[in-house]
Amino acid sequence: MLSSTIDSLMTRKVIRVEPDCPVPDVLKKLHAYRISCVVVCEDNTPIGMISERDIVGLAYKLVSGREGIPQAARNLMSSSLITACVSDSLEDAIALIEKHHIRHLPVVEVDGSLAGLITQTDLIRAGLHAGA
């Protein structure tokens with residue numbers, strides 16, 4: 001099993017946007033930073049996430065003529081956000097990822113503010129280093 005902690009494993013530099021951020025700006029950030037998600041925050045508290053899954057869903061709706069481009073991040077984000085706390089164990093975080101079939105897990109401080117993000121890639125890297 002992995003011996004890392006959430007705190008040592010998570011990515012601290014998380015690209016975040018405000019709920020009113022225009023969707024084209026969100027797409028620019030995803031492309032420019034070569035990342036697979038952005039966290040939508042109000043006052044540094046995560047309220048949603050926009051991931052590649054959300055973009056694929058939007059692309060499908062656009063090409064099928066079902067709807068146009070949403071105006072703001074709040075209209076595109078997945079708002080049923082699952083988070084872990086920095087005080088949680090790494091095993092708890094992995095259990096959340098597996099239970100909810102998610103690839104990105106925002107990590108919050110005790111006060112609810114965004115502390116970082118754990119991704120499947122982080123877990124794979126940690127597993128590879130543990131096996132080395």
# chains A, B, ... in the order shown; residues from 1 in each chain; ligands from 1
$ select_by_dssp --residues "chain A" --states "strand (DSSP E or B)" --output "PyMOL selection string"
chain A and resi 11+16-17+22+37-42+45-51+72+78+84-85+104-108+114-119
$ residues_around --residues "stretch 51-60 of chain A" --least-positions-apart "6" --cutoff "8 Å" --atoms "only C-alpha atoms" --output "PyMOL selection string"
chain A and resi 36-38+69+76-78
$ select_by_dssp --residues "chain A" --states "alpha helix (DSSP H)" --output "ChimeraX atom specification"
/A:6-9,23-33,52-63,73-76,90-100,120-131
$ atom_distance --atom1 "atom CA of A:Ile118" --atom2 "atom CA of A:Asp7"
9.5 Å
$ atom_distance --atom1 "atom CA of A:Glu18" --atom2 "atom CA of A:Asp43"
8.5 Å
$ closest_residue --among "A:His31, A:Leu9, A:Thr121, A:Glu91" --to "A:Arg103" --atoms "only C-alpha atoms"
A:Thr121
$ atom_distance --atom1 "atom CA of A:Asp25" --atom2 "atom CA of A:Ile102"
23.9 Å
$ closest_residue --among "A:Gln71, A:Thr5, A:Thr45, A:Ser79" --to "A:Ala126" --atoms "only C-alpha atoms"
A:Thr5
$ residues_around --residues "stretch 105-112 of chain A" --least-positions-apart "3" --cutoff "8 Å" --atoms "only C-alpha atoms" --output "list in words"
Met10, Val39, Thr45, Pro46, Ile82, Thr83, Ala84, Cys85, Val86, Ser87, Ala93, Ile97, Ile102, Ala115, Gly116, Leu117, Ile118 and Thr119 of chain A
$ write_last_selection --atoms "C-alpha atoms" --output "short mmCIF file (atom, residue, chain, number, x, y, z; two decimals), in the first residue's frame"
data_model
loop_
_atom_site.label_atom_id
_atom_site.label_comp_id
_atom_site.auth_asym_id
_atom_site.auth_seq_id
_atom_site.Cartn_x
_atom_site.Cartn_y
_atom_site.Cartn_z
CA MET A 10 -1.63 16.32 -3.44
CA VAL A 39 -11.86 23.81 -9.67
CA THR A 45 -14.07 27.41 -1.25
CA PRO A 46 -14.60 24.79 -3.95
CA ILE A 82 -16.73 15.18 -3.58
CA THR A 83 -13.83 16.43 -1.43
CA ALA A 84 -11.32 15.06 1.04
CA CYS A 85 -9.92 16.91 4.03
CA VAL A 86 -6.18 17.35 4.56
CA SER A 87 -6.57 15.43 7.81
CA ALA A 93 -9.05 9.49 -0.32
CA ILE A 97 -12.07 8.05 -5.69
CA ILE A 102 -13.82 10.15 -10.07
CA ALA A 115 -5.75 23.12 -0.17
CA GLY A 116 -4.94 21.00 -3.22
CA LEU A 117 -6.00 18.27 -5.58
CA ILE A 118 -5.30 14.54 -5.80
CA THR A 119 -5.59 12.95 -9.22
#
$ closest_residue --among "A:Leu27, A:Leu114, A:Ile50, A:Ala32" --to "A:Asn75" --atoms "only C-alpha atoms"
A:Ile50
